[in-house]
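Structure first, then comments.
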Amino acid sequence: MLKTKYYPHYIQNLICTGVLLTSTALYGDDHLHNFSEDYYYDDLPVVLSATRLSQSQADTPTAMTVIDRKMIQASTALNIPDLLRLVPGFTIGFYAGSRATVTYHGHADEYARDMQVLIDGRSIYDPVYGGIPWSEIALSLDEILRIEVIRGPNAAAYGSNSYAGVINIVTDRIRDMPSNMASATIGYGQTRYIDAAHSADLGDFAYRLSASYEEDEGFDNRDDASRSKWLKFTGDYQLDADNSLNAELAVVGGNYDEGHPNLLQEEREIESKYNYQSIAWNHFLSPENKINVQFYHNYYEVDDTYYTPTISEQINVIDDLQGFDESIRPDVFAASISGGRYDFESLLQALNMTDSPFVFSWIGLKSHRYDLEIENTLEPVDDLRIAWGIGARHDRGESPWLFQQDKAISRDLYRLFLNSEWYATPSTVINAGAMLEKFEGKKQVFSPRLGINYHVTPANTLRISGSRAYRMPTIYEDNVNLAVYLGDQDDALNTWVINTEELDPQRIDRIEAGYFGNITDYGLNFDICLFHEEYNDIIDQYGNFDLPDPDRGITDPIDLEILYQFNRFYQRGAFTYTNFGTVEINGIEFEMNFRPTSRDMVFLGFSYLNVSGNEIKRLKDGVYSYRENAEEKIPQRTFSLLASHTFDDGVSMSLGYYFTDEMEWPGEGDAVPNYSRVDLKFNKRLALEKAKLDIALILQNIHKENFDFYHSDRVDEHNIWERRAYLQAKLNY
Amino acid sequence: MTVSETHSAKQNRQGWVCRCALRQPVIEKTNSSLAISLFILVIFFLSFLLTPGIVASQNNYNNILILLSDNKDVYLDVATTITNSTIKYCRNHGLSCQNSNYDIVHISSYEQQIHKNYKAIITLGTHAAIISGKNIQNITIISALIPKNNVLIQENLKANPNQHFIYLDQPQGHSLALIKALSSRFEDIGIVVDSKDQGTVESLQKAALRLELNLLIEQIFSDEQVGAALNNLLERIDILLTTPDTNIHNKSTVSNILLSTYRKRIPLIGFSSAYVKAGALAAVYSSPEDIAYQVRDNIIAYFSSKQLPLEQQMGKYFSVLFNTDVARSLGFPIKSESKLKSRMMDYIQHDFE
């Protein structure tokens, strides 16, 4: 008979106190553990709670393109703008070798102002000049986890300026990146890119240091070389199970050869500085209730001051005067604009001028953006998720060149937003949201959004949605007073661009009906979207011939007329901004993502637009002149294809094809013929003992030359895409 | 303080007091649920007695003793399901086991002199399995609710020739069958395993071969390599499979594992219901009821033929849990658990009988 006394006393104590079950001294083999059945039945912390889960593509109310890591790796793109060619309806223009403008449904110049761009929740839209400084954003393609492109306005979910579209860039977590990474790319146009990064996971704290240096000669036919470098620190600190902090800061410096061989666009070097600091706090009140607080500051500085030749030197190269001896050309010029009244010396005297160079800057500025946002995401009841919050923003711009004042111009913004996702029935999702914004000095604006997605079957979803959003005028558009100076900055000679009226925000309304198919068993999803967009109160730049230049203290009416003639030689009147016109776009966009296996991928994108609308051209003697040419500014069709396959031996091959219809770039750009580009990429992955080495051959634009952004015979400005070849090596360990 | 009671058709024996349990306040906490459960059992058995035509056995040697490792609900749930289901089955099939009595006792309260009065002893949990395996001889022991990779269990496998083991772990083929049932699209299956855990690797490879799945295995040599191994896998696989291993999947690591896989939009297959509730897409696992039914089958087999199927058995019955929120977010169609189970049966090879 066994009695308790038969248990050795010390063993029994061990059993009863549980010591035996947690002792590690008994381990005979590492893979065997002393875990008990509790391991299977004890609860784990809920990680992917409703507040952490993102909305699937089938449930989003608007058309969305997702570019994930597989597509980034397969793509031949060396920068983000080039990657975005994949998105239906997107137009990309490289106005210099390494600097690009990205727009959805076109009608944008070098500084496309129609989209919100976020990197991990931080807006990188420049508040002063507008647009995205794509070459200054301190982000390599290898750090990106996913780019979500929302095609259409979505201010309610993504904040101010989510106008024609939103590019939401999500970077990889530090813990999910390799500890060390080095990458080098060489090739076309003396391209030399070097990237390096080191990250470490120290338990609750993880950090990453990354740096990049890039230089290239740009387009072969232009002097548009660039040199840029950046250094970045990212830190993640997990305070406890419910609290985490993320901090990031970066400094960027670049200089870019810029300009064309003409008088006021002469070749020069632009210097830029960029830095940002961002801190975010995530706090889980419960798995169903999360608070996120984010604060960031972006700083952007561009130094683009340059000097033209002196007035007499400028006169010496005027085509019409080449028949005269160089020594008398200035006098001939002076006589011609003064009706024979003055020679060159006396002209200068009469107009209070000296034979000095002009000095000016088109985009020299310092720009700050401070932003604080508090967002609460919660699931108050089953099947209803709400994200609401408040935000405050302070934008500030300084530029004696652009504003003719040393004082900074600032603008504050306060916003309140709410988004809800309600599974009204198991097959019906209703997305409703709105944002209320109050910009300093502007009327408050309200941007609503409503969408209904109906899952006919789990694989087939129909949706209908409508949304409205606004784009506020930039600080530049609201305050510009840009002049060409003579000799130094105190002597304004010719007013070039000037604000003359209170501008309203421009508005977009979009309704769309879409179908999303998601056949998971075949790895196939596709989206077809029919939409109607109306752009109203478009903020347009036009030439106003009636705007006077500074009178230089001249009172004599004849001399004033001569001054007018002198200035007219450079520019008549000035450019200014107004809210004008409507553009309507009816279109269809199609997208397909087919991944039959984890090694194969085919992505297709197609967009067809029917555009109508007009554009203000100039104002003369109080009469506007405009032309119905909106359709010329927006390409009718875009097409993109990316296909890749990975073989057993670690070799992968991909093919890219991008097509954009002929169009006329607004701003400084020109009418360009259609852009049709075929790319190839071969990648070989070598698995070393403790590292992975990828060696890639990238061939871009292999079948024909393309013109990009500039295509003017008159001033011999062309950006010509030739065949390009690059060799890239990436080491991860 | 009574922490356990004997339930039988004929008698209610005075429960034993665990000497060590007196020092553990946790036992007091569970006393009320224990008492309620036992009360229900007593009522059930009494009503059973009153049924005409049922003659209670006077033969103690038909009786079954169930030894619990602890007073947690899970042990009691399994014990009560074993008794209920076995009695029901035996009665419906006219088997001699319909007259058995079932005594449920906490291992620490167990008085050894009475064990010889039982036809078989069922132990639930690791603690009870180890103690009984070492101390109870000459009687058949069926140890259930135990993890396969527990070092103490593995060390004592051969210690007692009369001891049989029913593991909590599901055969590897079941998880792969779940993956097949979820989508035919899933072909490249990733898994991170301990480099020393060759048993798991071999059984996975065997099952993957049979199901025509491509297994991508990252073997790690220390738990610090989990993150890197995972990152190596995620870009090459359709779905990530997990197997029980405290070094790889524990309360402090699942958060990162789930976030890493989710952010890369790779579904994760867990091995427990808790893993699914935490964020895995789905899991096939042994619920307490599944374990109880397997024990019931063993008891019936033993009564019928005096033989037990196997000395070591993996989970035979299984449950499936599917996380609809995660599926919805991943754009994965919502699947019903019952349909998944029935589809799984097409892929499962019944090799445990």
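Order determines the names: the first chain of the structure tokens is A, the second B, and so forth; residues in each chain are numbered 1 upward, and ligands are numbered 1 upward as they are shown.
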#### Entry: Within 9 Å of Val456 of chain A using only C-alpha atoms, minus same-chain residues under 3 positions, as a ChimeraX atom specification
/A:427-428,459-462
Since we have the selection now, will you write its residues out, keeping C-alpha atoms, as a short mmCIF file (atom, residue, chain, number, x, y, z; two decimals), in the first residue's frame?
```
data_model
loop_
_atom_site.label_atom_id
_atom_site.label_comp_id
_atom_site.auth_asym_id
_atom_site.auth_seq_id
_atom_site.Cartn_x
_atom_site.Cartn_y
_atom_site.Cartn_z
CA SER A 427 -21.76 41.26 -46.11
CA THR A 428 -22.21 45.03 -45.90
CA ALA A 459 -14.76 36.77 -53.37
CA ASN A 460 -16.85 39.49 -55.03
CA THR A 461 -17.40 42.97 -53.65
CA LEU A 462 -19.33 45.88 -55.09
#
```
### Task
Apply DSSP to the structure's backbone, then extract all residues of segment 57-196 of chain A labelled helix (DSSP H, G or I) and return them as JSON, numbers by chain.
{"A": [57, 58, 59, 69, 70, 71, 72, 73, 74, 80, 81, 82, 83, 84, 85, 86, 134, 135, 136, 141, 142, 143, 155, 156, 157, 158, 174, 175, 176, 188, 189, 190]}
The selected residues should be written to file as a CSV table (one decimal), in the first residue's frame (atoms: N, CA and C atoms).
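Writing the result to selection-v6.csv gives the following:
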```csv
chain,number,residue,atom,x,y,z
A,57,GLN,N,-8.5,45.4,-48.5
A,57,GLN,CA,-8.8,46.2,-49.8
A,57,GLN,C,-10.3,46.0,-50.1
A,58,ALA,N,-10.9,44.8,-49.8
A,58,ALA,CA,-12.3,44.6,-50.1
A,58,ALA,C,-13.2,45.5,-49.3
A,59,ASP,N,-12.8,46.0,-48.2
A,59,ASP,CA,-13.6,46.8,-47.4
A,59,ASP,C,-13.4,48.3,-47.5
A,69,ARG,N,6.4,44.7,-50.6
A,69,ARG,CA,7.8,44.4,-50.8
A,69,ARG,C,8.1,43.5,-52.0
A,70,LYS,N,7.2,42.6,-52.3
A,70,LYS,CA,7.5,41.7,-53.5
A,70,LYS,C,7.5,42.6,-54.7
A,71,MET,N,6.6,43.6,-54.8
A,71,MET,CA,6.6,44.4,-56.0
A,71,MET,C,7.8,45.3,-56.0
A,72,ILE,N,8.2,45.8,-54.9
A,72,ILE,CA,9.4,46.7,-54.8
A,72,ILE,C,10.6,45.9,-55.2
A,73,GLN,N,10.7,44.7,-54.7
A,73,GLN,CA,11.9,43.9,-55.1
A,73,GLN,C,11.9,43.5,-56.6
A,74,ALA,N,10.7,43.3,-57.1
A,74,ALA,CA,10.6,42.9,-58.6
A,74,ALA,C,10.8,44.2,-59.5
A,80,ILE,N,11.3,56.2,-55.3
A,80,ILE,CA,9.9,56.0,-55.1
A,80,ILE,C,9.1,56.6,-56.3
A,81,PRO,N,9.3,57.8,-56.8
A,81,PRO,CA,8.5,58.2,-57.9
A,81,PRO,C,8.4,57.3,-59.1
A,82,ASP,N,9.6,56.7,-59.4
A,82,ASP,CA,9.6,55.7,-60.5
A,82,ASP,C,8.8,54.5,-60.2
A,83,LEU,N,8.8,54.1,-58.9
A,83,LEU,CA,8.0,53.0,-58.5
A,83,LEU,C,6.5,53.2,-58.7
A,84,LEU,N,6.1,54.5,-58.5
A,84,LEU,CA,4.7,54.8,-58.5
A,84,LEU,C,4.1,54.9,-59.9
A,85,ARG,N,4.9,54.6,-60.9
A,85,ARG,CA,4.4,54.4,-62.3
A,85,ARG,C,3.4,53.3,-62.4
A,86,LEU,N,3.5,52.4,-61.4
A,86,LEU,CA,2.7,51.2,-61.4
A,86,LEU,C,1.2,51.5,-61.2
A,134,TRP,N,10.7,64.9,-53.2
A,134,TRP,CA,11.0,63.4,-53.2
A,134,TRP,C,12.4,63.0,-53.0
A,135,SER,N,13.3,63.9,-53.5
A,135,SER,CA,14.7,63.5,-53.3
A,135,SER,C,15.3,63.8,-52.0
A,136,GLU,N,14.5,64.4,-51.1
A,136,GLU,CA,15.0,64.8,-49.8
A,136,GLU,C,14.4,64.0,-48.6
A,141,LEU,N,14.3,52.5,-50.7
A,141,LEU,CA,13.3,51.5,-51.0
A,141,LEU,C,13.3,50.3,-50.1
A,142,ASP,N,14.5,49.9,-49.6
A,142,ASP,CA,14.6,48.7,-48.8
A,142,ASP,C,14.0,48.9,-47.4
A,143,GLU,N,13.7,50.1,-47.1
A,143,GLU,CA,13.1,50.3,-45.7
A,143,GLU,C,11.5,50.3,-45.8
A,155,ALA,N,-9.7,62.9,-47.3
A,155,ALA,CA,-9.2,63.8,-46.2
A,155,ALA,C,-9.7,63.3,-44.8
A,156,ALA,N,-10.9,62.6,-44.8
A,156,ALA,CA,-11.4,62.2,-43.5
A,156,ALA,C,-10.4,61.2,-42.8
A,157,ALA,N,-9.8,60.4,-43.6
A,157,ALA,CA,-8.9,59.4,-43.1
A,157,ALA,C,-7.4,59.8,-43.0
A,158,TYR,N,-7.0,60.6,-43.9
A,158,TYR,CA,-5.6,60.9,-44.1
A,158,TYR,C,-5.2,62.4,-43.9
A,174,ILE,N,11.8,48.0,-37.2
A,174,ILE,CA,13.3,47.8,-37.0
A,174,ILE,C,13.5,46.3,-36.8
A,175,ARG,N,12.7,45.7,-36.0
A,175,ARG,CA,12.9,44.3,-35.6
A,175,ARG,C,12.7,43.4,-36.8
A,176,ASP,N,12.1,43.9,-37.9
A,176,ASP,CA,11.9,43.0,-39.0
A,176,ASP,C,12.9,43.3,-40.1
A,188,TYR,N,24.2,53.8,-65.4
A,188,TYR,CA,23.9,54.9,-66.3
A,188,TYR,C,24.2,56.3,-65.7
A,189,GLY,N,24.8,57.2,-66.5
A,189,GLY,CA,25.0,58.5,-66.0
A,189,GLY,C,25.9,58.6,-64.8
A,190,GLN,N,26.9,57.8,-64.7
A,190,GLN,CA,27.8,57.8,-63.5
A,190,GLN,C,27.0,57.7,-62.2
```
Counting only C-alpha atoms, what is within 8 Å of segment 718-723 of chain A, bar same-chain residues fewer than 3 positions away, as a PDB file with N, CA and C atoms, in the first residue's frame?
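Listing of part-v4.pdb after writing:
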```pdb
ATOM      1  N   PHE A  94      10.046  63.312 -64.544  1.00  0.00           N
ATOM      2  CA  PHE A  94      11.368  63.666 -64.015  1.00  0.00           C
ATOM      3  C   PHE A  94      11.787  64.962 -64.681  1.00  0.00           C
ATOM      4  N   TYR A  95      11.677  66.067 -63.931  1.00  0.00           N
ATOM      5  CA  TYR A  95      12.054  67.344 -64.534  1.00  0.00           C
ATOM      6  C   TYR A  95      13.554  67.556 -64.455  1.00  0.00           C
ATOM      7  N   ALA A  96      14.231  66.727 -63.682  1.00  0.00           N
ATOM      8  CA  ALA A  96      15.694  66.642 -63.703  1.00  0.00           C
ATOM      9  C   ALA A  96      16.030  65.183 -63.422  1.00  0.00           C
ATOM     10  N   PHE A 219      20.086  63.212 -66.696  1.00  0.00           N
ATOM     11  CA  PHE A 219      19.908  62.956 -68.132  1.00  0.00           C
ATOM     12  C   PHE A 219      21.219  63.255 -68.854  1.00  0.00           C
ATOM     13  N   ASP A 220      21.518  62.388 -69.818  1.00  0.00           N
ATOM     14  CA  ASP A 220      22.802  62.491 -70.489  1.00  0.00           C
ATOM     15  C   ASP A 220      22.950  63.805 -71.264  1.00  0.00           C
ATOM     16  N   ASN A 221      21.819  64.324 -71.775  1.00  0.00           N
ATOM     17  CA  ASN A 221      21.889  65.521 -72.615  1.00  0.00           C
ATOM     18  C   ASN A 221      21.777  66.815 -71.812  1.00  0.00           C
ATOM     19  N   ARG A 222      21.736  66.717 -70.485  1.00  0.00           N
ATOM     20  CA  ARG A 222      21.549  67.929 -69.675  1.00  0.00           C
ATOM     21  C   ARG A 222      22.563  67.989 -68.548  1.00  0.00           C
ATOM     22  N   LEU A 699      17.878  46.855 -66.258  1.00  0.00           N
ATOM     23  CA  LEU A 699      17.878  47.508 -67.576  1.00  0.00           C
ATOM     24  C   LEU A 699      16.590  48.313 -67.685  1.00  0.00           C
ATOM     25  N   GLN A 700      16.733  49.600 -67.920  1.00  0.00           N
ATOM     26  CA  GLN A 700      15.560  50.459 -68.027  1.00  0.00           C
ATOM     27  C   GLN A 700      15.440  50.996 -69.449  1.00  0.00           C
ATOM     28  N   ASN A 701      14.200  51.117 -69.876  1.00  0.00           N
ATOM     29  CA  ASN A 701      13.900  51.794 -71.138  1.00  0.00           C
ATOM     30  C   ASN A 701      14.673  51.180 -72.305  1.00  0.00           C
ATOM     31  N   ILE A 702      14.521  49.866 -72.471  1.00  0.00           N
ATOM     32  CA  ILE A 702      15.419  49.181 -73.410  1.00  0.00           C
ATOM     33  C   ILE A 702      15.004  49.303 -74.861  1.00  0.00           C
ATOM     34  N   HIS A 703      13.771  49.776 -75.147  1.00  0.00           N
ATOM     35  CA  HIS A 703      13.368  49.677 -76.555  1.00  0.00           C
ATOM     36  C   HIS A 703      13.322  51.001 -77.304  1.00  0.00           C
ATOM     37  N   LYS A 704      13.230  52.158 -76.630  1.00  0.00           N
ATOM     38  CA  LYS A 704      13.244  53.393 -77.424  1.00  0.00           C
ATOM     39  C   LYS A 704      13.510  54.589 -76.511  1.00  0.00           C
ATOM     40  N   GLU A 705      13.812  55.708 -77.147  1.00  0.00           N
ATOM     41  CA  GLU A 705      14.001  56.915 -76.362  1.00  0.00           C
ATOM     42  C   GLU A 705      12.650  57.493 -75.954  1.00  0.00           C
ATOM     43  N   ASN A 706      12.609  58.110 -74.792  1.00  0.00           N
ATOM     44  CA  ASN A 706      11.394  58.781 -74.337  1.00  0.00           C
ATOM     45  C   ASN A 706      11.729  60.196 -73.896  1.00  0.00           C
ATOM     46  N   PHE A 707      10.752  61.063 -74.050  1.00  0.00           N
ATOM     47  CA  PHE A 707      10.927  62.437 -73.558  1.00  0.00           C
ATOM     48  C   PHE A 707      10.133  62.603 -72.274  1.00  0.00           C
ATOM     49  N   ASP A 708      10.741  63.296 -71.343  1.00  0.00           N
ATOM     50  CA  ASP A 708      10.112  63.425 -70.036  1.00  0.00           C
ATOM     51  C   ASP A 708      10.106  64.889 -69.603  1.00  0.00           C
ATOM     52  N   PHE A 709       8.950  65.431 -69.374  1.00  0.00           N
ATOM     53  CA  PHE A 709       8.697  66.752 -68.824  1.00  0.00           C
ATOM     54  C   PHE A 709       9.116  67.891 -69.744  1.00  0.00           C
ATOM     55  N   TYR A 710      10.389  67.951 -70.129  1.00  0.00           N
ATOM     56  CA  TYR A 710      10.839  69.015 -71.039  1.00  0.00           C
ATOM     57  C   TYR A 710      10.984  68.467 -72.451  1.00  0.00           C
ATOM     58  N   HIS A 711      10.364  69.181 -73.378  1.00  0.00           N
ATOM     59  CA  HIS A 711      10.481  68.752 -74.775  1.00  0.00           C
ATOM     60  C   HIS A 711      10.221  69.970 -75.663  1.00  0.00           C
ATOM     61  N   SER A 712      11.106  70.964 -75.531  1.00  0.00           N
ATOM     62  CA  SER A 712      10.898  72.204 -76.255  1.00  0.00           C
ATOM     63  C   SER A 712      12.029  72.411 -77.251  1.00  0.00           C
ATOM     64  N   ASP A 713      11.691  72.421 -78.524  1.00  0.00           N
ATOM     65  CA  ASP A 713      12.699  72.670 -79.553  1.00  0.00           C
ATOM     66  C   ASP A 713      13.163  74.118 -79.516  1.00  0.00           C
TER      67      ASP A 713
END
```
### Task
Extract the full set of strand (DSSP E or B) residues from segment 141-305 of chain B according to DSSP on the backbone, and format it as a PyMOL selection string.
chain B and resi 141-146+150+163-167+188-194+214-220+239-241+268-270+282-285
Written file, previous selection with C-alpha atoms, as a PDB file, in the first residue's frame:
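Generated output (again.pdb):
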```pdb
ATOM      1  CA  ILE B 141      -2.281   4.170 -16.347  1.00  0.00           C
ATOM      2  CA  ILE B 142      -3.530   6.382 -19.155  1.00  0.00           C
ATOM      3  CA  SER B 143      -1.828   9.766 -18.885  1.00  0.00           C
ATOM      4  CA  ALA B 144      -3.535  12.509 -20.852  1.00  0.00           C
ATOM      5  CA  LEU B 145      -3.433  16.279 -21.156  1.00  0.00           C
ATOM      6  CA  ILE B 146       0.351  16.288 -21.422  1.00  0.00           C
ATOM      7  CA  ASN B 150       8.025  17.899 -21.933  1.00  0.00           C
ATOM      8  CA  GLN B 163       1.744   3.770 -18.462  1.00  0.00           C
ATOM      9  CA  HIS B 164       0.299   5.064 -21.725  1.00  0.00           C
ATOM     10  CA  PHE B 165       0.505   8.621 -22.959  1.00  0.00           C
ATOM     11  CA  ILE B 166      -2.071  10.662 -24.824  1.00  0.00           C
ATOM     12  CA  TYR B 167      -0.455  13.893 -25.889  1.00  0.00           C
ATOM     13  CA  ASP B 188       5.026  27.200 -49.574  1.00  0.00           C
ATOM     14  CA  ILE B 189       4.728  26.659 -45.850  1.00  0.00           C
ATOM     15  CA  GLY B 190       7.264  28.268 -43.548  1.00  0.00           C
ATOM     16  CA  ILE B 191       8.181  27.096 -40.089  1.00  0.00           C
ATOM     17  CA  VAL B 192      10.802  28.004 -37.502  1.00  0.00           C
ATOM     18  CA  VAL B 193      12.002  25.071 -35.397  1.00  0.00           C
ATOM     19  CA  ASP B 194      14.723  24.374 -32.894  1.00  0.00           C
ATOM     20  CA  ASN B 214       6.498  22.660 -49.947  1.00  0.00           C
ATOM     21  CA  LEU B 215       7.980  23.062 -46.492  1.00  0.00           C
ATOM     22  CA  LEU B 216      10.513  25.821 -45.871  1.00  0.00           C
ATOM     23  CA  ILE B 217      12.168  25.183 -42.537  1.00  0.00           C
ATOM     24  CA  GLU B 218      14.354  27.659 -40.685  1.00  0.00           C
ATOM     25  CA  GLN B 219      16.261  25.865 -37.963  1.00  0.00           C
ATOM     26  CA  ILE B 220      17.518  28.026 -35.138  1.00  0.00           C
ATOM     27  CA  ILE B 239       1.740  30.934 -44.786  1.00  0.00           C
ATOM     28  CA  LEU B 240       3.608  30.440 -41.498  1.00  0.00           C
ATOM     29  CA  LEU B 241       3.054  27.339 -39.402  1.00  0.00           C
ATOM     30  CA  LEU B 268      -0.069  32.424 -39.291  1.00  0.00           C
ATOM     31  CA  ILE B 269      -1.338  29.022 -38.163  1.00  0.00           C
ATOM     32  CA  GLY B 270      -1.236  28.642 -34.400  1.00  0.00           C
ATOM     33  CA  ALA B 282      -6.474  29.670 -37.462  1.00  0.00           C
ATOM     34  CA  ALA B 283      -5.342  26.699 -35.413  1.00  0.00           C
ATOM     35  CA  VAL B 284      -6.038  23.025 -35.077  1.00  0.00           C
ATOM     36  CA  TYR B 285      -5.695  21.969 -31.464  1.00  0.00           C
TER      37      TYR B 285
END
```
### Task
Can you pull out every residue within 7 Å of segment 631-637 of chain A, counting only C-alpha atoms, but drop anything in the same chain fewer than 3 positions away, and send it as a ChimeraX atom specification?
/A:105-107,607-612,660-666
Please, could you write that set of residues out with N, CA and C atoms as a PDB file, in the first residue's frame?
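result.pdb was written with the following content:
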```pdb
ATOM      1  N   HIS A 105      -4.030  61.895 -61.987  1.00  0.00           N
ATOM      2  CA  HIS A 105      -4.897  62.587 -62.945  1.00  0.00           C
ATOM      3  C   HIS A 105      -4.358  63.957 -63.315  1.00  0.00           C
ATOM      4  N   GLY A 106      -3.048  64.062 -63.272  1.00  0.00           N
ATOM      5  CA  GLY A 106      -2.323  65.133 -63.905  1.00  0.00           C
ATOM      6  C   GLY A 106      -2.660  66.546 -63.470  1.00  0.00           C
ATOM      7  N   HIS A 107      -2.479  67.468 -64.401  1.00  0.00           N
ATOM      8  CA  HIS A 107      -2.674  68.882 -64.157  1.00  0.00           C
ATOM      9  C   HIS A 107      -1.801  69.370 -63.008  1.00  0.00           C
ATOM     10  N   SER A 607      -5.598  52.827 -66.892  1.00  0.00           N
ATOM     11  CA  SER A 607      -6.479  53.953 -66.605  1.00  0.00           C
ATOM     12  C   SER A 607      -6.889  54.609 -67.909  1.00  0.00           C
ATOM     13  N   TYR A 608      -8.167  54.928 -68.022  1.00  0.00           N
ATOM     14  CA  TYR A 608      -8.650  55.668 -69.196  1.00  0.00           C
ATOM     15  C   TYR A 608      -9.487  56.837 -68.692  1.00  0.00           C
ATOM     16  N   LEU A 609      -9.132  58.050 -69.123  1.00  0.00           N
ATOM     17  CA  LEU A 609      -9.802  59.241 -68.618  1.00  0.00           C
ATOM     18  C   LEU A 609     -10.423  60.031 -69.761  1.00  0.00           C
ATOM     19  N   ASN A 610     -11.595  60.551 -69.481  1.00  0.00           N
ATOM     20  CA  ASN A 610     -12.233  61.481 -70.404  1.00  0.00           C
ATOM     21  C   ASN A 610     -12.304  62.824 -69.679  1.00  0.00           C
ATOM     22  N   VAL A 611     -11.491  63.779 -70.140  1.00  0.00           N
ATOM     23  CA  VAL A 611     -11.301  65.020 -69.394  1.00  0.00           C
ATOM     24  C   VAL A 611     -11.932  66.184 -70.146  1.00  0.00           C
ATOM     25  N   SER A 612     -12.586  67.053 -69.422  1.00  0.00           N
ATOM     26  CA  SER A 612     -13.026  68.306 -70.041  1.00  0.00           C
ATOM     27  C   SER A 612     -12.854  69.419 -69.030  1.00  0.00           C
ATOM     28  N   THR A 660       2.439  56.011 -70.713  1.00  0.00           N
ATOM     29  CA  THR A 660       1.640  57.195 -70.404  1.00  0.00           C
ATOM     30  C   THR A 660       1.375  57.917 -71.711  1.00  0.00           C
ATOM     31  N   ASP A 661       0.114  58.261 -71.939  1.00  0.00           N
ATOM     32  CA  ASP A 661      -0.250  58.941 -73.180  1.00  0.00           C
ATOM     33  C   ASP A 661       0.440  60.300 -73.291  1.00  0.00           C
ATOM     34  N   GLU A 662       0.421  60.827 -74.494  1.00  0.00           N
ATOM     35  CA  GLU A 662       0.993  62.163 -74.686  1.00  0.00           C
ATOM     36  C   GLU A 662       0.238  63.156 -73.814  1.00  0.00           C
ATOM     37  N   MET A 663       0.929  64.172 -73.401  1.00  0.00           N
ATOM     38  CA  MET A 663       0.325  65.168 -72.509  1.00  0.00           C
ATOM     39  C   MET A 663       1.172  66.429 -72.524  1.00  0.00           C
ATOM     40  N   GLU A 664       0.599  67.476 -71.961  1.00  0.00           N
ATOM     41  CA  GLU A 664       1.362  68.711 -71.830  1.00  0.00           C
ATOM     42  C   GLU A 664       1.549  69.009 -70.353  1.00  0.00           C
ATOM     43  N   TRP A 665       2.802  69.054 -69.928  1.00  0.00           N
ATOM     44  CA  TRP A 665       3.066  69.326 -68.528  1.00  0.00           C
ATOM     45  C   TRP A 665       2.817  70.807 -68.222  1.00  0.00           C
ATOM     46  N   PRO A 666       2.045  71.117 -67.219  1.00  0.00           N
ATOM     47  CA  PRO A 666       1.880  72.508 -66.804  1.00  0.00           C
ATOM     48  C   PRO A 666       3.178  73.052 -66.198  1.00  0.00           C
TER      49      PRO A 666
END
```
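Take atom CA of Thr578 of chain A and atom CA of Asn536 of chain A: the distance between them is 11.9 Å.
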### Task
Would you work out the distance separating atom CA of His455 of chain A from atom CA of Val429 of chain A, expressed in Å to one decimal?
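Spanning atom CA of His455 of chain A to atom CA of Val429 of chain A is a straight-line distance of 8.3 Å.
Interatomic distance, atom CA of Gly131 of chain A to atom CA of Thr308 of chain A: 27.0 Å.
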### Query
So which one's closest to chain B, A:Ala691, A:Ala211, A:Leu547, A:Ile409? Using only C-alpha atoms, please.
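Smallest separation from chain B among the options: A:Ala691.
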### Query
What lies within 12 Å of Ile266 of chain B using only C-alpha atoms, ignoring chain neighbours under 5 positions off, as an MDAnalysis selection string?
(chainID A and resid 598) or (chainID B and resid 186 188:190 230:231 233:241 257:261 279:281 326:327 329:332)
### Query
With only C-alpha atoms as the atoms that count, which of B:Ile122, B:Ala228, B:Leu176, B:Leu213 lies nearest to chain A?
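With only C-alpha atoms as the atom set, the closest residue is B:Ala228.
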### Task
Write out as a list of chain:residue names the residues lying within 9 Å of Asn180 of chain A, counting only C-alpha atoms and excluding same-chain residues fewer than 4 positions away.
A:Ala196, A:Ala197, A:His198, A:Ser199, A:Ala200, A:Leu731, A:Asn732, A:Tyr733
#### Entry: Who sits within 12 Å of Pro400 of chain A, only C-alpha atoms, same chain under 5 positions skipped, as number ranges by chain
A: 303, 305, 360-366, 405-409, 476, 479-485, 488-490, 492
### Query
Out of A:Gln565, A:Thr576, A:Asn518, A:Ser410, which residue has the shortest atom-to-atom distance to Gly441 of chain A when counting only C-alpha atoms?
A:Ser410
### Task
Can you work out which one of A:Asp371, A:Asp343, A:Asp109, A:Asp649 has the shortest atom-to-atom distance to His394 of chain A, counting only C-alpha atoms?
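That would be A:Asp371, the residue with the smallest distance to His394 of chain A.
Shortest atom-to-atom contact with Leu53 of chain A among A:Asp325, A:Asp236, A:Asp223, A:Glu379: A:Glu379, counting only C-alpha atoms.
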